[in-house]
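Source file: entry06.cif; contents: mmCIF, C-alpha atoms.
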data_input
loop_
_atom_site.label_atom_id
_atom_site.label_comp_id
_atom_site.auth_asym_id
_atom_site.auth_seq_id
_atom_site.Cartn_x
_atom_site.Cartn_y
_atom_site.Cartn_z
CA MET H 1393 -26.60 66.52 -41.19
CA GLU H 1394 -23.74 66.91 -38.72
CA ALA H 1395 -21.09 66.70 -41.44
CA VAL H 1396 -22.85 69.36 -43.50
CA ALA H 1397 -22.92 71.74 -40.54
CA VAL H 1398 -19.21 71.20 -39.88
CA THR H 1399 -18.13 72.05 -43.41
CA ARG H 1400 -20.53 74.90 -44.09
CA ILE H 1401 -18.78 78.14 -45.03
CA PRO H 1402 -18.77 80.25 -41.89
CA PRO H 1403 -19.60 83.95 -41.87
CA PHE H 1404 -16.44 85.80 -42.89
CA GLU H 1405 -16.29 87.43 -39.46
CA ARG H 1406 -15.75 84.08 -37.75
CA PHE H 1407 -13.20 82.91 -40.31
CA TYR H 1408 -11.30 86.21 -40.01
CA GLU H 1409 -11.33 86.17 -36.21
CA GLU H 1410 -10.11 82.56 -36.12
CA ARG H 1411 -7.26 83.08 -38.58
CA LYS H 1412 -6.12 86.69 -38.41
CA ASP H 1413 -3.45 86.32 -35.71
CA GLU H 1414 -1.66 83.32 -37.16
CA VAL H 1415 -1.82 84.72 -40.69
CA PHE H 1416 -0.30 87.97 -39.46
CA GLY H 1417 2.34 86.03 -37.53
CA TYR H 1418 3.23 84.09 -40.67
CA LEU H 1419 3.46 87.22 -42.82
CA ALA H 1420 5.58 88.94 -40.17
CA ARG H 1421 8.00 86.00 -40.23
CA VAL H 1422 8.23 85.96 -43.98
CA LEU H 1423 8.21 89.69 -44.66
CA GLY H 1424 9.01 91.50 -41.43
CA ARG H 1425 6.43 93.22 -39.30
CA GLU H 1426 6.12 96.49 -41.18
CA THR H 1427 5.60 95.02 -44.64
CA ALA H 1428 3.38 92.36 -43.10
CA GLU H 1429 0.72 94.95 -42.25
CA ASP H 1430 0.05 95.79 -45.90
CA ALA H 1431 0.33 92.14 -46.89
CA PHE H 1432 -2.16 91.22 -44.15
CA GLN H 1433 -4.77 93.61 -45.56
CA GLU H 1434 -4.14 92.41 -49.08
CA THR H 1435 -4.41 88.76 -47.99
CA PHE H 1436 -7.80 89.17 -46.36
CA LEU H 1437 -9.11 91.42 -49.13
CA ARG H 1438 -8.19 88.71 -51.64
CA ALA H 1439 -9.91 86.20 -49.35
CA LEU H 1440 -13.04 88.35 -49.33
CA ARG H 1441 -12.94 88.45 -53.12
CA GLY H 1442 -12.63 84.67 -53.35
CA TYR H 1443 -15.02 83.79 -50.52
CA PRO H 1444 -18.20 83.52 -52.62
CA ARG H 1445 -16.50 80.98 -54.88
CA LEU H 1446 -15.80 78.55 -52.04
CA GLU H 1447 -17.97 75.48 -52.20
CA HIS H 1448 -17.52 74.31 -48.61
CA GLY H 1449 -15.80 75.27 -45.40
CA ARG H 1450 -13.14 72.55 -45.42
CA HIS H 1451 -9.46 73.47 -45.76
CA LEU H 1452 -10.04 77.15 -44.99
CA ARG H 1453 -6.81 77.32 -43.00
CA ALA H 1454 -4.74 75.97 -45.89
CA TRP H 1455 -6.66 78.25 -48.25
CA ILE H 1456 -5.82 81.44 -46.34
CA PHE H 1457 -2.18 80.38 -46.00
CA THR H 1458 -2.11 79.85 -49.75
CA ILE H 1459 -3.36 83.37 -50.32
CA ALA H 1460 -0.95 84.79 -47.73
CA THR H 1461 1.97 82.95 -49.34
CA ARG H 1462 1.14 84.32 -52.76
CA VAL H 1463 0.80 87.83 -51.40
CA ALA H 1464 4.12 87.41 -49.58
CA LEU H 1465 5.91 86.06 -52.66
CA ASP H 1466 4.50 88.93 -54.76
CA GLU H 1467 5.73 91.34 -52.14
CA ARG H 1468 9.17 89.77 -51.99
CA ARG H 1469 9.49 89.83 -55.77
CA ARG H 1470 8.54 93.49 -55.76
CA ALA H 1471 11.10 94.25 -53.10
CA VAL H 1472 13.80 92.00 -54.52
CA ARG H 1473 16.21 94.86 -55.06
CA HIS H 1474 16.08 95.66 -51.37
CA VAL H 1475 16.39 92.19 -49.93
CA GLU H 1476 17.80 92.39 -46.45
CA PRO H 1477 17.61 89.95 -43.60
CA VAL H 1478 14.45 90.77 -41.74
CA GLU H 1479 14.44 91.45 -38.06
CA VAL H 1480 12.19 88.85 -36.54
CA ALA H 1481 11.16 89.14 -32.94
CA VAL H 1482 8.69 86.40 -32.22
CA ALA H 1483 7.72 84.65 -29.05
CA ASP H 1484 7.58 81.14 -30.40
CA GLU H 1485 6.56 77.98 -28.63
CA ARG H 1486 8.10 75.76 -31.28
CA PRO H 1487 11.72 75.26 -30.24
CA ALA H 1488 12.84 73.36 -33.34
CA TYR H 1489 11.60 76.13 -35.51
CA ALA H 1490 12.73 78.93 -33.21
CA GLU H 1491 16.33 77.86 -33.69
CA LEU H 1492 15.97 78.58 -37.37
CA ASP H 1493 13.62 81.49 -37.14
CA HIS H 1494 16.15 84.30 -36.91
CA LEU H 1495 17.91 82.98 -39.99
CA ALA H 1496 14.91 82.28 -42.18
CA GLY H 1497 14.99 85.86 -43.47
CA GLU H 1498 18.03 85.01 -45.54
CA LEU H 1499 16.41 82.22 -47.51
CA PRO H 1500 15.08 82.59 -51.03
CA PRO H 1501 11.35 83.43 -50.85
CA THR H 1502 9.97 80.03 -51.84
CA GLU H 1503 12.21 78.09 -49.47
CA ARG H 1504 11.45 80.53 -46.73
CA ALA H 1505 7.69 80.20 -47.18
CA ALA H 1506 8.00 76.40 -47.32
CA VAL H 1507 10.10 76.27 -44.13
CA VAL H 1508 7.83 78.63 -42.22
CA LEU H 1509 4.61 76.91 -43.33
CA ARG H 1510 5.97 73.45 -42.52
CA TYR H 1511 7.77 74.05 -39.26
CA GLY H 1512 6.03 77.19 -38.05
CA TYR H 1513 2.44 76.33 -38.96
CA ASP H 1514 2.47 72.58 -39.46
CA LEU H 1515 0.86 72.67 -42.90
CA SER H 1516 1.02 69.47 -44.95
CA TYR H 1517 3.25 69.34 -48.01
CA ASP H 1518 0.10 69.05 -50.13
CA ASP H 1519 -1.13 72.36 -48.74
CA ILE H 1520 2.29 73.99 -49.00
CA GLY H 1521 2.57 72.81 -52.61
CA ALA H 1522 -0.81 74.41 -53.33
CA ALA H 1523 0.27 77.61 -51.57
CA LEU H 1524 3.44 77.79 -53.64
CA GLY H 1525 1.64 76.92 -56.86
CA SER H 1526 3.65 73.70 -57.18
CA SER H 1527 3.47 70.08 -56.08
CA ALA H 1528 3.74 68.45 -52.68
CA GLU H 1529 7.09 67.00 -53.74
CA ALA H 1530 8.40 70.40 -54.81
CA ALA H 1531 7.24 71.82 -51.47
CA ARG H 1532 9.05 69.04 -49.59
CA GLN H 1533 12.22 69.76 -51.56
CA ALA H 1534 11.94 73.52 -50.96
CA ALA H 1535 11.50 73.02 -47.22
CA SER H 1536 14.26 70.49 -47.01
CA SER H 1537 16.65 72.59 -49.08
CA GLY H 1538 15.76 75.62 -46.90
CA VAL H 1539 16.48 73.70 -43.73
CA ARG H 1540 19.82 72.43 -45.12
CA ARG H 1541 20.78 75.95 -46.06
CA LEU H 1542 19.86 77.21 -42.61
CA ARG H 1543 21.85 74.46 -40.91
CA ARG H 1544 24.88 75.29 -42.99
CA ARG H 1545 24.57 78.92 -42.08
CA SER H 1546 23.95 78.33 -38.41
CA SER H 1547 26.82 75.88 -37.97
CA PRO H 1548 29.97 77.51 -36.59
CA MET M 43 1.53 87.18 -33.06
CA ASN M 44 -1.59 89.23 -32.47
CA VAL M 45 -3.00 91.69 -34.95
CA SER M 46 -3.04 95.16 -33.39
CA THR M 47 -6.36 96.92 -32.87
CA ASP M 48 -5.25 99.58 -35.31
CA LEU M 49 -4.48 97.05 -38.08
CA ASP M 50 -7.70 95.19 -37.34
CA ASN M 51 -9.71 98.42 -37.65
CA ARG M 52 -7.89 99.35 -40.85
CA PHE M 53 -8.77 96.01 -42.40
CA ARG M 54 -12.41 96.30 -41.38
CA ASP M 55 -12.59 99.80 -42.92
CA ALA M 56 -10.81 98.65 -46.09
CA ALA M 57 -13.18 95.69 -46.40
CA ALA M 58 -16.18 98.02 -46.21
CA GLU M 59 -14.66 100.45 -48.70
CA SER M 60 -13.86 97.64 -51.11
CA GLY M 61 -17.56 96.99 -51.65
CA LEU M 62 -16.91 93.28 -51.13
CA LEU M 63 -19.08 92.80 -48.05
CA ASP M 64 -22.52 91.28 -48.20
CA VAL M 65 -23.31 92.71 -44.79
CA ALA M 66 -21.50 94.94 -42.29
CA TYR M 67 -22.60 95.17 -38.67
CA GLU M 68 -21.71 96.83 -35.42
CA LEU M 69 -23.00 96.88 -31.87
CA THR M 70 -24.42 100.08 -30.46
CA ASP M 71 -25.62 101.11 -27.01
CA SER M 72 -29.13 102.42 -26.48
CA PRO M 73 -31.41 103.16 -23.54
CA ILE M 74 -33.14 99.84 -24.22
CA GLY M 75 -29.95 97.81 -24.27
CA THR M 76 -27.23 96.92 -26.73
CA LEU M 77 -28.41 96.66 -30.33
CA LEU M 78 -26.75 94.96 -33.25
CA VAL M 79 -27.22 97.09 -36.37
CA ALA M 80 -26.48 95.57 -39.79
CA ALA M 81 -26.58 96.90 -43.33
CA SER M 82 -26.17 95.45 -46.80
CA GLU M 83 -25.23 97.52 -49.84
CA ARG M 84 -28.95 98.22 -50.27
CA GLY M 85 -29.65 99.43 -46.77
CA LEU M 86 -30.35 98.58 -43.16
CA CYS M 87 -31.16 94.88 -42.90
CA LEU M 88 -31.15 94.02 -39.20
CA ILE M 89 -31.62 95.59 -35.80
CA SER M 90 -31.36 92.99 -33.10
CA PHE M 91 -32.11 93.22 -29.38
CA ASP M 92 -29.93 91.30 -26.90
CA PRO M 93 -27.63 90.34 -29.74
CA GLU M 94 -25.40 87.30 -29.86
CA PRO M 95 -23.12 88.45 -32.69
CA ASP M 96 -21.99 84.98 -33.73
CA ARG M 97 -25.57 83.76 -34.07
CA GLU M 98 -26.68 86.95 -35.83
CA ALA M 99 -23.76 86.67 -38.26
CA GLU M 100 -24.89 83.11 -39.12
CA GLY M 101 -28.40 84.31 -39.86
CA LEU M 102 -27.16 87.24 -41.94
CA ALA M 103 -24.83 84.95 -43.89
CA ARG M 104 -27.72 82.61 -44.71
CA ALA M 105 -29.94 85.49 -45.82
CA PHE M 106 -27.49 87.77 -47.64
CA GLY M 107 -24.26 85.87 -48.32
CA ALA M 108 -21.30 84.70 -46.24
CA ARG M 109 -19.25 87.89 -46.44
CA VAL M 110 -20.54 89.23 -43.14
CA LEU M 111 -18.06 91.32 -41.18
CA ARG M 112 -18.20 93.57 -38.14
CA SER M 113 -17.32 96.94 -39.62
CA PRO M 114 -18.68 100.17 -38.19
CA ARG M 115 -18.56 102.62 -41.09
CA PRO M 116 -21.41 101.24 -43.20
CA VAL M 117 -23.73 101.47 -40.20
CA ASP M 118 -22.53 104.83 -38.87
CA GLU M 119 -25.50 106.70 -40.31
CA ALA M 120 -28.03 104.22 -38.90
CA ARG M 121 -26.39 104.39 -35.46
CA ARG M 122 -26.43 108.18 -35.59
CA GLU M 123 -30.12 108.29 -36.48
CA LEU M 124 -30.94 105.78 -33.75
CA ASP M 125 -29.02 107.92 -31.23
CA GLU M 126 -31.05 110.94 -32.32
CA TYR M 127 -34.29 108.98 -32.06
CA PHE M 128 -33.47 107.80 -28.55
CA ALA M 129 -32.52 111.35 -27.57
CA GLY M 130 -35.94 112.54 -28.77
CA ARG M 131 -34.46 114.58 -31.61
CA ARG M 132 -35.71 112.43 -34.50
CA ARG M 133 -39.23 111.30 -35.36
CA GLU M 134 -38.65 109.71 -38.75
CA PHE M 135 -35.76 107.69 -40.06
CA ASP M 136 -34.12 108.59 -43.30
CA LEU M 137 -32.52 105.22 -43.97
CA PRO M 138 -32.89 102.84 -46.89
CA VAL M 139 -34.01 99.43 -45.68
CA ASP M 140 -33.13 96.11 -47.31
CA LEU M 141 -35.97 93.62 -46.92
CA THR M 142 -34.81 91.35 -49.76
CA PRO M 143 -35.10 88.05 -47.84
CA VAL M 144 -38.49 88.97 -46.34
CA PRO M 145 -41.54 87.16 -47.84
CA THR M 146 -43.93 89.29 -49.91
CA PHE M 147 -46.84 89.52 -47.48
CA GLN M 148 -44.57 90.47 -44.59
CA ARG M 149 -42.88 93.06 -46.78
CA GLU M 150 -46.25 94.61 -47.64
CA VAL M 151 -47.16 94.78 -43.97
CA LEU M 152 -43.82 96.40 -43.06
CA ALA M 153 -44.09 98.86 -45.94
CA GLU M 154 -47.52 99.93 -44.67
CA LEU M 155 -46.28 100.08 -41.11
CA VAL M 156 -43.74 102.82 -41.83
CA ARG M 157 -46.71 105.11 -42.56
CA VAL M 158 -47.87 104.90 -38.95
CA PRO M 159 -46.51 108.16 -37.54
CA TYR M 160 -44.34 108.74 -34.52
CA GLY M 161 -46.34 108.81 -31.32
CA SER M 162 -49.48 107.19 -32.73
CA LEU M 163 -50.90 103.69 -32.49
CA GLU M 164 -52.43 101.26 -34.95
CA THR M 165 -54.14 97.93 -34.27
CA TYR M 166 -53.25 94.58 -35.83
CA GLY M 167 -56.70 94.52 -37.43
CA GLY M 168 -56.31 98.09 -38.66
CA LEU M 169 -52.98 97.29 -40.25
CA ALA M 170 -54.45 94.14 -41.82
CA ALA M 171 -57.20 96.26 -43.36
CA ARG M 172 -54.64 98.75 -44.66
CA VAL M 173 -52.90 96.00 -46.63
CA GLY M 174 -56.24 94.78 -48.01
CA ARG M 175 -56.46 91.67 -45.79
CA PRO M 176 -58.92 92.76 -43.08
CA ARG M 177 -59.23 89.26 -41.64
CA ALA M 178 -55.51 88.64 -41.42
CA ALA M 179 -54.82 90.35 -38.08
CA ARG M 180 -53.11 87.23 -36.74
CA ALA M 181 -50.88 86.91 -39.82
CA VAL M 182 -50.03 90.59 -39.45
CA GLY M 183 -49.01 89.89 -35.85
CA GLY M 184 -46.70 87.12 -37.08
CA ALA M 185 -45.22 89.39 -39.74
CA LEU M 186 -44.50 92.07 -37.15
CA HIS M 187 -42.99 89.59 -34.73
CA ARG M 188 -40.42 88.70 -37.38
CA ASN M 189 -39.72 92.31 -38.34
CA PRO M 190 -35.94 92.36 -38.99
CA VAL M 191 -35.60 96.12 -38.46
CA PRO M 192 -37.66 97.09 -35.41
CA ILE M 193 -37.70 100.71 -34.21
CA VAL M 194 -36.95 101.98 -37.75
CA VAL M 195 -39.93 100.00 -39.07
CA PRO M 196 -42.04 100.78 -36.04
CA CYS M 197 -43.84 97.57 -35.11
CA HIS M 198 -43.94 98.86 -31.52
CA ARG M 199 -46.76 101.18 -32.63
CA VAL M 200 -49.13 98.28 -33.26
CA VAL M 201 -51.35 97.16 -30.37
CA GLY M 202 -54.35 94.93 -29.77
CA ALA M 203 -57.92 96.09 -30.50
CA SER M 204 -58.45 96.69 -26.78
CA GLY M 205 -55.34 98.87 -26.62
CA SER M 206 -53.30 96.17 -24.86
CA LEU M 207 -49.66 96.00 -25.89
CA THR M 208 -50.11 92.30 -26.79
CA GLY M 209 -46.54 91.35 -27.75
CA TYR M 210 -43.20 92.52 -29.09
CA GLY M 211 -40.20 90.70 -30.55
CA GLY M 212 -37.90 92.67 -28.26
CA GLY M 213 -40.06 92.11 -25.15
CA LEU M 214 -43.03 94.09 -23.85
CA GLU M 215 -40.88 96.27 -21.60
CA ARG M 216 -39.10 97.68 -24.62
CA LYS M 217 -42.37 98.23 -26.47
CA GLU M 218 -43.69 100.12 -23.49
CA TRP M 219 -40.50 102.17 -23.24
CA LEU M 220 -40.60 103.12 -26.93
CA LEU M 221 -44.27 104.09 -26.89
CA ALA M 222 -43.82 106.10 -23.71
CA ALA M 223 -40.78 107.87 -25.19
CA GLU M 224 -42.87 108.79 -28.23
CA GLY M 225 -45.63 110.09 -25.97
CA ALA M 226 -48.09 107.44 -27.17
CA LEU M 227 -48.43 106.04 -23.65
CA LEU M 228 -48.33 107.58 -20.24
CA ARG M 229 -45.21 106.39 -18.45
#
Could you spell out this file's structure in structure tokens?
Amino acid sequence: MEAVAVTRIPPFERFYEERKDEVFGYLARVLGRETAEDAFQETFLRALRGYPRLEHGRHLRAWIFTIATRVALDERRRAVRHVEPVEVAVADERPAYAELDHLAGELPPTERAAVVLRYGYDLSYDDIGAALGSSAEAARQAASSGVRRLRRRSSP
Amino acid sequence: MNVSTDLDNRFRDAAAESGLLDVAYELTDSPIGTLLVAASERGLCLISFDPEPDREAEGLARAFGARVLRSPRPVDEARRELDEYFAGRRREFDLPVDLTPVPTFQREVLAELVRVPYGSLETYGGLAARVGRPRAARAVGGALHRNPVPIVVPCHRVVGASGSLTGYGGGLERKEWLLAAEGALLR
């Protein structure tokens, strides 16, 4: 019975409260703070729409990051004519990632999402692949190519 | 990075407006303590004394669906009417009530109970007779004890045959307060 209780779908309120800050942080990194506000609403509205179709409460974190990534990629595609490096001001406790953070705005959207999800939010490549609508291997390649690109740009 | 209060409120409003919520709820202050007030699309579905929102949200999710969110707008009207009631400016509530998860017998009892007017009393036996089950006073008591929308469905107006207050889901002190405020009891 214990296992059933652990994986039961929680009331949306609890899920939202647990995830809202990190999802907003992720969207702000990928899109910039201003655009992130609209994307945040859209992400959780899509989650509300999909919530009744969930069969259990496992993987909810990866699920909401998948939705957020798709919203962010949609947003980036829409804004592609106005792509500019985004100002990112984030207090980050992840030093390895923080070194790259200010540059991530210059990456192509998919690489950027892969880098941020992997190094900012510690999602598995399986989950990142699902978020990007591709495979774990493609996600690994996107993250790795993003990191290489960032290293090239950050080297003097 | 924390979501600002403004963005949080905007999402909660947008969620309510989207029509995607199974239940919206909010906390509200009253002279008899904080109440949690919840509504589905069909109407008011919970008023809870001494609420523990996380626990109440679990119960609401089981009864109505998992899309339960704290969002004030859908319960604004109920909170306004409750404020008026507590201020002595309202004697009847004009709120649809959603008793979907309530078993049939209990629903019949609660439907009959709303006919007991402000400031008057009924007995458990009297209410049992009114629903055609004159010997079911005890079952009526059980049905009232589990009333999901007290105050609006006024189970506080039901007392024992001797006139004793007997019991109340929200505690006898609250029952006494409500009856006194309605002028049904001397304070």
Q: Rank nothing, just name the residue among H:Glu1414, H:Asp1519, H:Glu1503, H:Glu1409 nearest to chain M, using all atoms listed in the file.
A: H:Glu1414
(Q) Once the PyMOL selection byres ((chain H) within 6 of (chain M)) has been evaluated on this model, what residues remain selected, and can you format them as an MDAnalysis selection string? (A) chainID H and resid 1403:1405 1413 1417 1433
List, as a compact mmCIF listing (two decimals) with C-alpha atoms, in the coordinates of the input, every residue that the PyMOL selection byres ((chain H and resi 1508) around 10) selects in the file provided.
# COMPACT_ATOMS: atom_id res chain seq x y z
CA TYR H 1418 3.23 84.09 -40.67
CA LEU H 1419 3.46 87.22 -42.82
CA ARG H 1421 8.00 86.00 -40.23
CA VAL H 1422 8.23 85.96 -43.98
CA TYR H 1489 11.60 76.13 -35.51
CA LEU H 1492 15.97 78.58 -37.37
CA ASP H 1493 13.62 81.49 -37.14
CA ALA H 1496 14.91 82.28 -42.18
CA THR H 1502 9.97 80.03 -51.84
CA GLU H 1503 12.21 78.09 -49.47
CA ARG H 1504 11.45 80.53 -46.73
CA ALA H 1505 7.69 80.20 -47.18
CA ALA H 1506 8.00 76.40 -47.32
CA VAL H 1507 10.10 76.27 -44.13
CA LEU H 1509 4.61 76.91 -43.33
CA ARG H 1510 5.97 73.45 -42.52
CA TYR H 1511 7.77 74.05 -39.26
CA GLY H 1512 6.03 77.19 -38.05
CA TYR H 1513 2.44 76.33 -38.96
CA ASP H 1514 2.47 72.58 -39.46
CA LEU H 1515 0.86 72.67 -42.90
CA ILE H 1520 2.29 73.99 -49.00
CA ALA H 1535 11.50 73.02 -47.22
CA GLY H 1538 15.76 75.62 -46.90
Q. Is there a way to get, as a list in words, all residues within 10 Å of the point (-27.7, 97.3, -47.4) in file coordinates, counting all atoms listed in the file?
A. Leu63, Asp64, Val65, Ala66, Ala80, Ala81, Ser82, Glu83, Arg84, Gly85, Leu86, Cys87, Leu88, Phe106, Pro116, Val117, Leu137, Pro138, Val139, Asp140, Leu141 and Thr142 of chain M
Q.
What's the separation between atom CA of M:Asp125 and atom CA of M:Ser72, in Å to one decimal place?
A.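 That distance, rounded to one decimal, is 7.3 Å.
Selection by the PyMOL selection byres ((chain M and resi 226) around 9) on the present file picks out Tyr160, Gly161, Ser162, Leu163, Arg199, Leu220, Leu221, Ala222, Ala223, Glu224, Gly225, Leu227 and Leu228 of chain M.
Those residues that approach stretch 146-153 of chain M to within 9 Å, counting all atoms listed in the file, are Leu141, Thr142, Val156, Arg157, Leu169, Ala170, Arg172, Val173, Ala181, Val182, Gly184, Ala185, Leu186, Arg188, Asn189, Val195, Pro196 and Cys197 of chain M; same-chain residues fewer than 3 positions away are not listed.
Note that the spacing between atom CA of M:Gly212 and atom CA of M:Thr76 amounts to 11.6 Å.
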Q | Atomic distance atom CA of M:Pro190 - atom CA of M:Val79, expressed in Å with one decimal | A |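 Separation of atom CA of M:Pro190 and atom CA of M:Val79: 10.3 Å.
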(Q) What's around H:Asp1466 at 10 Å? Count all atoms listed in the file, leave out sequence neighbours fewer than 5 positions away in its own chain, and write the answer as a PyMOL selection string. (A) chain H and resi 1431+1460-1461+1471-1472+1501
